[in-house]
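Okay, target.txt now, which holds compact mmCIF, C-alpha atoms and all ligand atoms:
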```txt
# COMPACT_ATOMS: atom_id res chain seq x y z
CA MET U 1205 0.00 0.00 0.00
CA ASP U 1206 1.47 3.37 -0.91
CA GLN U 1207 2.34 5.67 1.98
CA SER U 1208 -0.02 8.54 1.11
CA LYS U 1209 -2.95 6.17 1.02
CA ASN U 1210 -1.92 4.85 4.43
CA LEU U 1211 -1.72 8.38 5.86
CA GLU U 1212 -5.16 9.19 4.52
CA GLN U 1213 -6.61 6.11 6.12
CA LEU U 1214 -5.01 6.89 9.45
CA ARG U 1215 -6.32 10.45 9.32
CA GLY U 1216 -9.75 9.14 8.51
CA ARG U 1217 -9.57 6.85 11.51
CA LEU U 1218 -8.47 9.79 13.71
CA SER U 1219 -11.44 11.87 12.58
CA GLU U 1220 -13.71 8.98 13.41
CA ILE U 1221 -12.19 8.70 16.89
CA ASN U 1222 -12.50 12.49 17.36
CA HIS U 1223 -16.20 12.27 16.58
CA ASN U 1224 -16.64 9.33 18.90
CA LEU U 1225 -14.82 11.26 21.65
CA LEU U 1226 -17.02 14.28 20.98
CA HIS U 1227 -20.15 12.20 21.35
CA LEU U 1228 -18.87 10.58 24.50
CA LEU U 1229 -17.90 13.98 25.94
CA SER U 1230 -21.35 15.35 25.16
CA GLU U 1231 -22.98 12.34 26.77
CA ARG U 1232 -20.71 12.76 29.76
CA ALA U 1233 -21.63 16.47 29.97
CA GLN U 1234 -25.33 15.64 29.98
CA ILE U 1235 -24.81 13.23 32.84
CA THR U 1236 -22.85 15.87 34.81
CA GLN U 1237 -25.70 18.31 34.20
CA GLU U 1238 -28.13 15.81 35.70
CA ILE U 1239 -25.80 15.32 38.65
CA GLY U 1240 -25.62 19.13 38.95
CA GLN U 1241 -29.41 19.33 39.17
CA ILE U 1242 -29.50 16.69 41.90
CA LYS U 1243 -26.76 18.53 43.82
CA GLU U 1244 -28.66 21.80 43.35
CA LYS U 1245 -31.75 20.26 44.97
CA GLN U 1246 -29.71 18.78 47.79
CA GLY U 1247 -27.85 22.05 48.24
CA VAL U 1248 -24.46 20.35 48.12
CA PRO U 1249 -21.38 21.92 46.49
CA LYS U 1250 -20.80 21.22 42.80
CA PHE U 1251 -17.08 20.75 43.21
CA ASP U 1252 -16.19 17.49 44.93
CA PRO U 1253 -12.39 17.16 45.15
CA VAL U 1254 -12.53 13.72 46.81
CA ARG U 1255 -14.65 12.29 44.00
CA GLU U 1256 -12.37 13.90 41.43
CA LYS U 1257 -9.29 12.35 43.02
CA GLU U 1258 -10.96 8.93 43.05
CA MET U 1259 -11.84 9.18 39.36
CA LEU U 1260 -8.28 10.18 38.46
CA GLU U 1261 -6.88 7.26 40.45
CA GLU U 1262 -9.25 4.84 38.73
CA LEU U 1263 -8.17 6.19 35.33
CA THR U 1264 -4.45 6.09 35.93
CA ALA U 1265 -4.77 2.55 37.34
CA ALA U 1266 -6.44 1.50 34.11
CA ASN U 1267 -4.11 3.48 31.85
CA PRO U 1268 -3.01 1.20 28.98
CA GLY U 1269 -0.44 3.75 27.66
CA PRO U 1270 1.21 5.15 25.66
CA PHE U 1271 0.19 8.32 27.55
CA GLN U 1272 1.97 8.86 30.85
CA ASP U 1273 -0.27 9.01 33.94
CA ASP U 1274 0.40 12.72 34.27
CA ALA U 1275 -0.84 13.37 30.76
CA ILE U 1276 -4.00 11.35 31.45
CA LYS U 1277 -4.58 13.33 34.64
CA LEU U 1278 -4.13 16.62 32.81
CA LEU U 1279 -6.57 15.66 30.06
CA PHE U 1280 -9.24 14.45 32.45
CA LYS U 1281 -8.84 17.43 34.77
CA GLN U 1282 -9.72 19.62 31.77
CA ILE U 1283 -12.81 17.54 31.16
CA PHE U 1284 -13.80 17.74 34.84
CA GLN U 1285 -13.30 21.51 34.85
CA ALA U 1286 -15.44 21.97 31.73
CA SER U 1287 -18.21 19.92 33.34
CA LEU U 1288 -18.00 21.94 36.53
CA ASN U 1289 -18.26 25.17 34.53
CA LEU U 1290 -21.37 23.78 32.92
CA GLN U 1291 -22.93 23.07 36.32
CA VAL U 1292 -22.05 26.55 37.59
CA ASP U 1293 -23.56 28.13 34.46
CA GLU U 1294 -26.71 26.08 34.96
CA HIS U 1295 -26.89 27.28 38.56
CA LYS U 1296 -26.60 30.91 37.48
CA LYS U 1297 -29.35 30.44 34.92
CA GLN U 1298 -31.59 29.29 37.70
CA LEU U 1299 -31.07 32.44 39.79
CA LEU U 1300 -33.95 34.84 39.29
CA VAL U 1301 -31.64 37.85 39.64
CA SER U 1302 -29.26 36.51 37.01
CA ARG U 1303 -28.79 38.19 33.67
CA LYS U 1304 -28.80 34.69 32.21
CA ASN U 1305 -32.34 34.29 33.46
CA GLN U 1306 -33.57 37.75 32.44
CA GLN U 1307 -31.89 39.80 29.74
CA GLU U 1308 -33.75 43.11 30.25
CA ASP U 1309 -32.71 45.47 33.02
CA THR U 1310 -34.99 45.62 36.04
CA VAL U 1311 -36.19 49.17 36.50
CA VAL U 1312 -37.13 50.11 40.06
CA SER U 1313 -39.69 52.90 40.45
CA ILE U 1314 -39.39 55.29 43.37
CA GLY U 1315 -42.44 57.40 42.58
CA ASN U 1316 -41.62 59.05 39.27
CA VAL U 1317 -37.93 58.27 39.58
CA LYS U 1318 -36.87 55.25 37.57
CA VAL U 1319 -33.70 53.54 38.73
CA GLY U 1320 -31.92 51.34 36.22
CA ALA U 1321 -33.49 52.90 33.14
CA GLY U 1322 -30.27 54.49 31.93
CA LYS U 1323 -30.52 57.79 33.78
CA PRO U 1324 -28.42 57.60 36.95
CA ILE U 1325 -29.83 59.08 40.14
CA MET U 1326 -28.31 60.85 43.12
CA ILE U 1327 -29.53 59.93 46.59
CA ALA U 1328 -28.48 62.20 49.42
CA GLY U 1329 -29.31 62.88 53.03
CA PRO U 1330 -28.02 62.64 56.55
CA CYS U 1331 -26.50 59.53 58.04
CA SER U 1332 -29.08 59.64 60.84
CA VAL U 1333 -32.38 61.39 61.30
CA GLU U 1334 -31.66 63.50 64.38
CA SER U 1335 -34.45 66.04 64.46
CA TYR U 1336 -37.22 67.52 62.39
CA GLU U 1337 -35.21 70.73 61.85
CA GLN U 1338 -32.08 68.88 60.75
CA VAL U 1339 -33.95 66.79 58.17
CA ARG U 1340 -35.86 69.86 56.99
CA GLU U 1341 -32.64 71.76 56.36
CA VAL U 1342 -31.21 68.92 54.29
CA ALA U 1343 -34.49 68.46 52.40
CA ALA U 1344 -34.51 72.15 51.45
CA ALA U 1345 -30.95 71.82 50.09
CA LEU U 1346 -31.89 68.74 48.09
CA LYS U 1347 -34.94 70.45 46.67
CA GLU U 1348 -32.84 73.42 45.66
CA ALA U 1349 -30.34 71.11 43.98
CA GLY U 1350 -33.05 69.19 42.13
CA ILE U 1351 -32.51 65.96 44.08
CA THR U 1352 -35.71 64.06 44.72
CA VAL U 1353 -34.66 61.04 46.77
CA MET U 1354 -33.55 61.59 50.36
CA ARG U 1355 -31.90 59.10 52.68
CA GLY U 1356 -31.84 59.20 56.49
CA GLY U 1357 -31.24 56.46 59.03
CA ALA U 1358 -33.74 55.93 61.84
CA PHE U 1359 -32.53 52.51 62.98
CA LYS U 1360 -28.76 52.76 63.22
CA PRO U 1361 -26.69 49.61 63.50
CA ARG U 1362 -23.73 50.99 65.45
CA THR U 1363 -20.50 49.29 66.38
CA SER U 1364 -20.85 50.34 70.00
CA PRO U 1365 -24.09 49.88 71.97
CA TYR U 1366 -23.30 53.20 73.68
CA ASP U 1367 -23.45 55.15 70.41
CA PHE U 1368 -26.61 56.84 69.11
CA GLN U 1369 -28.96 54.08 67.99
CA GLY U 1370 -31.34 56.23 65.97
CA LEU U 1371 -34.82 57.60 66.61
CA GLY U 1372 -36.58 54.44 65.40
CA ILE U 1373 -40.17 54.78 64.19
CA GLU U 1374 -40.15 58.39 65.39
CA GLY U 1375 -37.36 59.03 62.88
CA LEU U 1376 -39.37 57.47 60.06
CA LYS U 1377 -42.27 59.78 60.95
CA ILE U 1378 -39.98 62.81 60.73
CA LEU U 1379 -38.73 61.65 57.34
CA LYS U 1380 -42.28 61.27 56.08
CA GLU U 1381 -43.44 64.62 57.32
CA VAL U 1382 -40.50 66.46 55.77
CA ALA U 1383 -40.61 64.44 52.53
CA ASP U 1384 -44.31 65.22 52.12
CA GLU U 1385 -43.65 68.91 52.64
CA PHE U 1386 -40.87 69.01 50.00
CA GLY U 1387 -42.24 66.40 47.62
CA LEU U 1388 -39.30 64.04 48.14
CA LYS U 1389 -39.05 60.26 48.20
CA THR U 1390 -37.28 58.59 51.11
CA ILE U 1391 -34.94 55.71 51.89
CA SER U 1392 -34.26 54.40 55.38
CA GLU U 1393 -32.71 51.31 56.90
CA ILE U 1394 -34.82 48.70 58.62
CA VAL U 1395 -33.08 46.20 60.88
CA HIS U 1396 -35.86 43.94 62.11
CA PRO U 1397 -38.28 41.78 60.11
CA SER U 1398 -41.22 42.98 62.22
CA HIS U 1399 -40.65 46.58 61.01
CA ILE U 1400 -40.60 45.80 57.31
CA GLU U 1401 -44.33 46.06 56.73
CA LEU U 1402 -44.77 49.03 59.03
CA ALA U 1403 -41.98 50.89 57.22
CA GLY U 1404 -44.11 51.00 54.09
CA GLN U 1405 -46.37 53.54 55.79
CA TYR U 1406 -43.55 56.03 56.19
CA ILE U 1407 -40.82 55.47 53.61
CA ASP U 1408 -40.57 54.71 49.90
CA VAL U 1409 -37.50 52.46 49.89
CA ILE U 1410 -36.33 50.05 52.58
CA GLN U 1411 -32.58 49.87 52.99
CA ILE U 1412 -31.00 46.66 54.22
CA GLY U 1413 -27.64 47.61 55.63
CA ALA U 1414 -24.24 46.06 55.11
CA ARG U 1415 -24.33 44.38 58.52
CA ASN U 1416 -27.61 42.73 57.67
CA MET U 1417 -26.88 41.59 54.13
CA GLN U 1418 -26.99 38.01 55.31
CA ASN U 1419 -29.74 38.42 57.87
CA PHE U 1420 -31.83 35.88 56.03
CA GLU U 1421 -35.02 36.39 58.04
CA LEU U 1422 -34.86 40.10 57.28
CA LEU U 1423 -34.26 39.35 53.59
CA LYS U 1424 -37.24 37.03 53.53
CA ALA U 1425 -39.46 39.65 55.18
CA ALA U 1426 -38.25 42.18 52.60
CA GLY U 1427 -39.19 39.71 49.90
CA ASP U 1428 -42.72 39.39 51.23
CA VAL U 1429 -43.66 43.05 50.67
CA GLN U 1430 -43.93 45.06 47.49
CA ILE U 1431 -41.72 47.96 48.59
CA PRO U 1432 -38.46 48.77 46.73
CA ILE U 1433 -35.42 47.43 48.55
CA LEU U 1434 -31.94 48.93 48.57
CA LEU U 1435 -29.61 46.10 49.51
CA LYS U 1436 -26.12 47.01 50.66
CA ARG U 1437 -23.13 44.80 50.10
CA GLY U 1438 -21.88 43.20 53.30
CA LEU U 1439 -18.65 44.46 54.87
CA ALA U 1440 -16.81 41.31 53.86
CA ALA U 1441 -19.19 39.80 51.35
CA THR U 1442 -18.13 38.40 48.01
CA ILE U 1443 -20.07 39.42 44.94
CA ASP U 1444 -21.51 35.94 44.80
CA GLU U 1445 -22.82 36.20 48.38
CA PHE U 1446 -24.24 39.63 47.56
CA VAL U 1447 -26.07 38.25 44.52
CA HIS U 1448 -27.48 35.37 46.56
CA ALA U 1449 -28.69 37.80 49.25
CA ALA U 1450 -30.64 39.64 46.54
CA GLU U 1451 -31.99 36.29 45.37
CA TYR U 1452 -33.49 35.78 48.85
CA VAL U 1453 -35.61 38.90 48.37
CA VAL U 1454 -36.54 38.35 44.73
CA SER U 1455 -37.35 34.67 45.22
CA ARG U 1456 -40.08 35.61 47.73
CA GLY U 1457 -41.80 37.79 45.13
CA ASN U 1458 -40.39 41.29 45.60
CA LYS U 1459 -38.63 42.07 42.34
CA GLN U 1460 -37.96 45.72 43.18
CA VAL U 1461 -34.40 45.26 44.41
CA MET U 1462 -31.45 47.62 43.94
CA LEU U 1463 -27.89 46.65 44.84
CA ILE U 1464 -25.48 49.11 46.37
CA GLU U 1465 -21.72 48.70 46.63
CA ARG U 1466 -20.52 50.38 49.83
CA GLY U 1467 -16.93 49.27 50.11
CA ILE U 1468 -15.44 46.12 51.56
CA ARG U 1469 -12.91 45.43 54.28
CA THR U 1470 -9.34 45.13 53.07
CA TYR U 1471 -5.95 45.81 54.64
CA GLU U 1472 -5.97 49.30 53.12
CA ASN U 1473 -6.53 51.97 55.74
CA ALA U 1474 -6.29 55.14 53.65
CA THR U 1475 -10.03 54.79 53.23
CA ARG U 1476 -12.63 53.50 55.67
CA ASN U 1477 -13.39 50.62 53.31
CA THR U 1478 -12.13 49.78 49.84
CA LEU U 1479 -14.54 50.89 47.15
CA ASP U 1480 -14.78 47.95 44.79
CA ILE U 1481 -15.49 49.73 41.53
CA SER U 1482 -15.15 46.49 39.59
CA ALA U 1483 -18.22 45.20 41.44
CA VAL U 1484 -20.32 47.66 39.42
CA PRO U 1485 -19.72 46.24 35.92
CA ILE U 1486 -19.62 42.70 37.31
CA LEU U 1487 -22.99 43.08 39.01
CA LYS U 1488 -24.43 44.78 35.92
CA GLN U 1489 -23.18 41.86 33.84
CA GLU U 1490 -24.22 39.09 36.20
CA THR U 1491 -27.59 40.47 37.28
CA HIS U 1492 -30.35 42.57 35.76
CA LEU U 1493 -30.81 44.66 38.93
CA PRO U 1494 -29.92 48.36 39.25
CA VAL U 1495 -26.48 48.88 40.82
CA LEU U 1496 -25.58 51.93 42.88
CA VAL U 1497 -22.52 53.12 44.78
CA ASP U 1498 -22.42 54.62 48.26
CA VAL U 1499 -19.40 56.92 48.08
CA THR U 1500 -19.64 58.02 51.71
CA HIS U 1501 -19.44 54.70 53.54
CA SER U 1502 -17.03 53.15 51.04
CA THR U 1503 -14.41 55.88 51.27
CA GLY U 1504 -15.19 57.50 54.61
CA ARG U 1505 -13.43 60.57 53.20
CA LYS U 1506 -15.03 63.81 52.10
CA ASP U 1507 -12.10 64.85 49.91
CA ILE U 1508 -12.44 62.08 47.32
CA LEU U 1509 -16.22 61.78 47.03
CA ALA U 1510 -16.56 63.56 43.68
CA PRO U 1511 -13.92 61.53 41.79
CA CYS U 1512 -15.26 58.32 43.30
CA ALA U 1513 -18.82 59.23 42.29
CA LYS U 1514 -17.61 59.95 38.74
CA ALA U 1515 -15.73 56.65 38.67
CA ALA U 1516 -18.87 54.83 39.80
CA LEU U 1517 -20.98 56.46 37.10
CA ALA U 1518 -18.31 55.89 34.45
CA ALA U 1519 -18.28 52.21 35.47
CA GLY U 1520 -22.01 52.03 34.75
CA ALA U 1521 -23.62 52.67 38.15
CA ASP U 1522 -27.31 53.53 38.10
CA GLY U 1523 -26.91 55.91 40.97
CA VAL U 1524 -24.78 57.32 43.73
CA MET U 1525 -25.52 57.79 47.42
CA VAL U 1526 -23.89 60.45 49.55
CA GLU U 1527 -24.37 61.72 53.09
CA VAL U 1528 -25.08 65.36 53.83
CA HIS U 1529 -25.71 67.06 57.17
CA PRO U 1530 -26.35 70.72 58.04
CA ASN U 1531 -23.59 70.64 60.64
CA PRO U 1532 -21.45 67.48 60.35
CA ALA U 1533 -19.27 68.47 63.30
CA VAL U 1534 -22.13 67.80 65.69
CA ALA U 1535 -23.71 64.89 63.79
CA LEU U 1536 -24.73 61.97 66.01
CA SER U 1537 -23.19 59.45 63.60
CA ASP U 1538 -20.52 59.54 60.88
CA SER U 1539 -19.60 63.08 61.77
CA ALA U 1540 -16.22 62.92 60.00
CA GLN U 1541 -17.50 61.86 56.63
CA GLN U 1542 -20.71 63.80 56.00
CA LEU U 1543 -20.67 66.80 53.69
CA ASN U 1544 -22.10 70.08 54.86
CA ILE U 1545 -24.61 71.75 52.60
CA GLU U 1546 -22.13 73.96 50.83
CA GLN U 1547 -19.77 71.04 50.22
CA PHE U 1548 -22.72 69.03 48.97
CA HIS U 1549 -23.53 71.68 46.33
CA GLN U 1550 -19.87 71.70 45.27
CA PHE U 1551 -19.80 67.92 45.10
CA LEU U 1552 -22.93 67.86 43.01
CA SER U 1553 -21.76 70.49 40.57
CA SER U 1554 -18.46 68.67 40.12
CA VAL U 1555 -20.24 65.39 39.38
CA ARG U 1556 -22.74 67.13 37.11
CA GLN U 1557 -19.95 68.84 35.18
CA SER U 1558 -18.63 65.43 34.21
CA GLY U 1559 -21.82 64.96 32.21
CA LEU U 1560 -22.27 61.53 33.80
CA LEU U 1561 -25.23 62.60 35.91
CA LYS U 1562 -28.13 63.98 33.93
CA ASP U 1563 -30.51 66.23 35.81
CA GLN U 1564 -33.21 64.33 37.63
C1 LIG C 1 -26.03 53.65 56.10
O1 LIG C 1 -26.13 53.78 54.87
O2 LIG C 1 -26.63 54.37 56.89
C2 LIG C 1 -25.14 52.61 56.66
C3 LIG C 1 -25.15 52.29 57.94
O3 LIG C 1 -24.35 52.03 55.74
P1 LIG C 1 -23.74 50.54 55.72
O4 LIG C 1 -24.85 49.60 56.07
O5 LIG C 1 -23.30 50.41 54.30
O6 LIG C 1 -22.60 50.55 56.69
MN MN C 2 -23.43 56.94 57.77
```

As structure tokens:
Amino acid sequence: MDQSKNLEQLRGRLSEINHNLLHLLSERAQITQEIGQIKEKQGVPKFDPVREKEMLEELTAANPGPFQDDAIKLLFKQIFQASLNLQVDEHKKQLLVSRKNQQEDTVVSIGNVKVGAGKPIMIAGPCSVESYEQVREVAAALKEAGITVMRGGAFKPRTSPYDFQGLGIEGLKILKEVADEFGLKTISEIVHPSHIELAGQYIDVIQIGARNMQNFELLKAAGDVQIPILLKRGLAATIDEFVHAAEYVVSRGNKQVMLIERGIRTYENATRNTLDISAVPILKQETHLPVLVDVTHSTGRKDILAPCAKAALAAGADGVMVEVHPNPAVALSDSAQQLNIEQFHQFLSSVRQSGLLKDQ
């Protein structure tokens, strides 16, 4: 037989084997998908290193050559990894908040304000509601600046039990009274499931704070109402944990969820937390929910708020949150990092000049 004919035959045989391998790999992938679904139901991790090691040992024991054991291991590890990726992808598809599950952006309505519709918003207000007069002064400044959504904490989760804990329901009542007078919408943190429903009488958006991002009973209660939720990223939460926290709310039926990056704990101490700007495009890519950035709590520094707000908007954020107080020096919480009213106007004009924040 001439040599070229022989080569052709061998190549033909290789192609046949490639196709057989392809079919076997596809069949294998389908089986791993089924296993993935079973694991999903049982809530067990997709990656099982012990099982993987066992399979590799079985394969090398049965290795007829000419491949070395190491080469066999390498090839099969690739196959295992591809199967695992498939299971992870499947899991993401099943998450209601996932972009894989819903292509269109979720738009959250706060009255007439639409968050996530392509026009970023600015949310501003004091760290804590301290008095009627204090909130009124801030509200007047917001109104003057054309800002329509005001924040203000009434239930304050403080590091020390001896620090100001907030005015509670009384604080929510102050927010409502002032907001009604100035035609503003309000956001305030709720820390206990029993207050979730009640909060709807006084505020327009319920904030779930960083410290409560994995307070699952609170998340469930937030999912059982039809009030927009602003969910903050936990102090040391991964993006994946953040996404799953949002899933808790959405899976109970409340689809009006906004995510807000507020900095995470790192070794860096030039800022209070490290603002994870990359979380913005990642969350926009991975989920269909609006994504905002809290420049105050992430940086803890007044002097870099404007550039950080611009960075957030340039990265695709649907909004920015900032704290403002008539007299930060005497504020009952976060006194070092709140802007006074004049600084707030300067901050706003700097951000507006960038063209990244259209007028609300
Ligand atoms: C807040 O926004 O008032 C607050 C306490 O922030 P965080 O939960 O992000 O610390
Ligand atoms: Mn604060």

**Request:** Can you pull out every residue within 12 Å of segment 1269-1284 of chain U, counting only C-alpha atoms, but drop anything in the same chain fewer than 4 positions away, and send it as a list in words?
**Result:**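 Answer for this query is Leu1225, Leu1226, Leu1228, Leu1229, Ser1230, Arg1232, Ala1233, Thr1236, Gln1237, Lys1250, Phe1251, Asp1252, Pro1253, Arg1255, Glu1256, Lys1257, Glu1258, Met1259, Leu1260, Glu1261, Glu1262, Leu1263, Thr1264, Ala1265, Leu1288, Asn1289, Leu1290 and Gln1291 of chain U.
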
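Atom CA of Ala1383 of chain U sits 11.4 Å away from atom CA of Gly1329 of chain U.
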
Give me the residues within 12 Å of Asp1384 of chain U as an mmCIF file with C-alpha atoms, keeping the file's coordinate frame, counting all atoms listed in the file and dropping any in the same chain fewer than 5 places off.
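As a result, selection-v3.cif now contains:
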```cif
data_model
loop_
_atom_site.group_PDB
_atom_site.id
_atom_site.type_symbol
_atom_site.label_atom_id
_atom_site.label_comp_id
_atom_site.auth_asym_id
_atom_site.auth_seq_id
_atom_site.Cartn_x
_atom_site.Cartn_y
_atom_site.Cartn_z
ATOM 1 C CA ARG U 1340 -35.860 69.860 56.990
ATOM 2 C CA ALA U 1343 -34.490 68.460 52.400
ATOM 3 C CA THR U 1352 -35.710 64.060 44.720
ATOM 4 C CA VAL U 1353 -34.660 61.040 46.770
ATOM 5 C CA MET U 1354 -33.550 61.590 50.360
ATOM 6 C CA LYS U 1377 -42.270 59.780 60.950
ATOM 7 C CA ILE U 1378 -39.980 62.810 60.730
ATOM 8 C CA LEU U 1379 -38.730 61.650 57.340
ATOM 9 C CA LYS U 1389 -39.050 60.260 48.200
ATOM 10 C CA THR U 1390 -37.280 58.590 51.110
ATOM 11 C CA TYR U 1406 -43.550 56.030 56.190
ATOM 12 C CA ILE U 1407 -40.820 55.470 53.610
ATOM 13 C CA ASP U 1408 -40.570 54.710 49.900
#
```

**Prompt:** Which residue out of U:Glu1212, U:Asp1444, U:Asp1428, U:Glu1527 has the minimum interatomic distance to ligand LIG 1 (chain C) when all atoms listed in the file are used?
**Reply:** U:Glu1527

So for ligand LIG 1 (chain C), what box centre and size do we get, axis-aligned, 5 Å extra on each of the six sides, every listed atom, Å to one decimal, as JSON?
```
{"center_x": -24.6, "center_y": 52.0, "center_z": 56.1, "size_x": 14.0, "size_y": 14.8, "size_z": 13.6}
```

**Complete:** Counting all atoms listed in the file, closest pick from U:Gly1438, U:Pro1249, U:Gly1240, U:Gly1216 relative to ligand LIG 1 (chain C) is U:Gly1438

**Prompt:** Can you tell me which residues sit at most 6 Å away from ligand LIG 1 (chain C), counting only C-alpha atoms and all ligand atoms, written as number ranges by chain?
**Reply:** U: 1331, 1357, 1413-1415, 1436, 1466, 1501

**Asked** Looking at only C-alpha atoms and all ligand atoms, which of U:Leu1543, U:Val1555, U:Leu1300, U:Ile1486 is the one that sits closest to ligand MN 2 (chain C)?
**Response** U:Leu1543

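Taking only C-alpha atoms and all ligand atoms into account, ligand MN 2 (chain C) lies nearest to U:Ala1328 out of the set U:Leu1493, U:Ala1328, U:Ile1351, U:Leu1479.
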
Could you rebuild segment 1396-1418 of chain U with N, CA and C atoms and give it back as an mmCIF file, keeping the file's coordinate frame?
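Result file is part-v3.cif:
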```
data_model
loop_
_atom_site.group_PDB
_atom_site.id
_atom_site.type_symbol
_atom_site.label_atom_id
_atom_site.label_comp_id
_atom_site.auth_asym_id
_atom_site.auth_seq_id
_atom_site.Cartn_x
_atom_site.Cartn_y
_atom_site.Cartn_z
ATOM 1 N N HIS U 1396 -35.133 45.076 61.533
ATOM 2 C CA HIS U 1396 -35.860 43.940 62.110
ATOM 3 C C HIS U 1396 -37.030 43.535 61.210
ATOM 4 N N PRO U 1397 -37.197 42.218 61.001
ATOM 5 C CA PRO U 1397 -38.280 41.780 60.110
ATOM 6 C C PRO U 1397 -39.653 42.358 60.481
ATOM 7 N N SER U 1398 -39.894 42.521 61.790
ATOM 8 C CA SER U 1398 -41.220 42.980 62.220
ATOM 9 C C SER U 1398 -41.498 44.436 61.806
ATOM 10 N N HIS U 1399 -40.452 45.175 61.415
ATOM 11 C CA HIS U 1399 -40.650 46.580 61.010
ATOM 12 C C HIS U 1399 -40.810 46.755 59.512
ATOM 13 N N ILE U 1400 -40.596 45.682 58.770
ATOM 14 C CA ILE U 1400 -40.600 45.800 57.310
ATOM 15 C C ILE U 1400 -41.952 46.309 56.789
ATOM 16 N N GLU U 1401 -43.018 45.677 57.244
ATOM 17 C CA GLU U 1401 -44.330 46.060 56.730
ATOM 18 C C GLU U 1401 -44.725 47.463 57.182
ATOM 19 N N LEU U 1402 -44.472 47.718 58.431
ATOM 20 C CA LEU U 1402 -44.770 49.030 59.030
ATOM 21 C C LEU U 1402 -44.039 50.152 58.287
ATOM 22 N N ALA U 1403 -42.806 49.870 57.884
ATOM 23 C CA ALA U 1403 -41.980 50.890 57.220
ATOM 24 C C ALA U 1403 -42.645 51.441 55.974
ATOM 25 N N GLY U 1404 -43.419 50.591 55.316
ATOM 26 C CA GLY U 1404 -44.110 51.000 54.090
ATOM 27 C C GLY U 1404 -45.033 52.183 54.294
ATOM 28 N N GLN U 1405 -45.478 52.393 55.513
ATOM 29 C CA GLN U 1405 -46.370 53.540 55.790
ATOM 30 C C GLN U 1405 -45.614 54.861 55.786
ATOM 31 N N TYR U 1406 -44.308 54.791 56.000
ATOM 32 C CA TYR U 1406 -43.550 56.030 56.190
ATOM 33 C C TYR U 1406 -42.512 56.314 55.109
ATOM 34 N N ILE U 1407 -41.934 55.245 54.554
ATOM 35 C CA ILE U 1407 -40.820 55.470 53.610
ATOM 36 C C ILE U 1407 -41.097 54.793 52.265
ATOM 37 N N ASP U 1408 -40.344 55.226 51.253
ATOM 38 C CA ASP U 1408 -40.570 54.710 49.900
ATOM 39 C C ASP U 1408 -39.638 53.555 49.546
ATOM 40 N N VAL U 1409 -38.464 53.537 50.164
ATOM 41 C CA VAL U 1409 -37.500 52.460 49.890
ATOM 42 C C VAL U 1409 -36.950 51.962 51.225
ATOM 43 N N ILE U 1410 -36.916 50.648 51.376
ATOM 44 C CA ILE U 1410 -36.330 50.050 52.580
ATOM 45 C C ILE U 1410 -34.873 49.700 52.292
ATOM 46 N N GLN U 1411 -33.996 50.219 53.124
ATOM 47 C CA GLN U 1411 -32.580 49.870 52.990
ATOM 48 C C GLN U 1411 -32.257 48.701 53.916
ATOM 49 N N ILE U 1412 -31.540 47.723 53.367
ATOM 50 C CA ILE U 1412 -31.000 46.660 54.220
ATOM 51 C C ILE U 1412 -29.508 46.914 54.273
ATOM 52 N N GLY U 1413 -29.016 47.155 55.464
ATOM 53 C CA GLY U 1413 -27.640 47.610 55.630
ATOM 54 C C GLY U 1413 -26.606 46.524 55.456
ATOM 55 N N ALA U 1414 -25.356 46.973 55.327
ATOM 56 C CA ALA U 1414 -24.240 46.060 55.110
ATOM 57 C C ALA U 1414 -24.178 44.964 56.178
ATOM 58 N N ARG U 1415 -24.430 45.359 57.421
ATOM 59 C CA ARG U 1415 -24.330 44.380 58.520
ATOM 60 C C ARG U 1415 -25.436 43.357 58.489
ATOM 61 N N ASN U 1416 -26.479 43.654 57.740
ATOM 62 C CA ASN U 1416 -27.610 42.730 57.670
ATOM 63 C C ASN U 1416 -27.765 42.055 56.311
ATOM 64 N N MET U 1417 -26.738 42.170 55.481
ATOM 65 C CA MET U 1417 -26.880 41.590 54.130
ATOM 66 C C MET U 1417 -27.173 40.101 54.172
ATOM 67 N N GLN U 1418 -26.698 39.439 55.201
ATOM 68 C CA GLN U 1418 -26.990 38.010 55.310
ATOM 69 C C GLN U 1418 -27.887 37.694 56.501
#
```
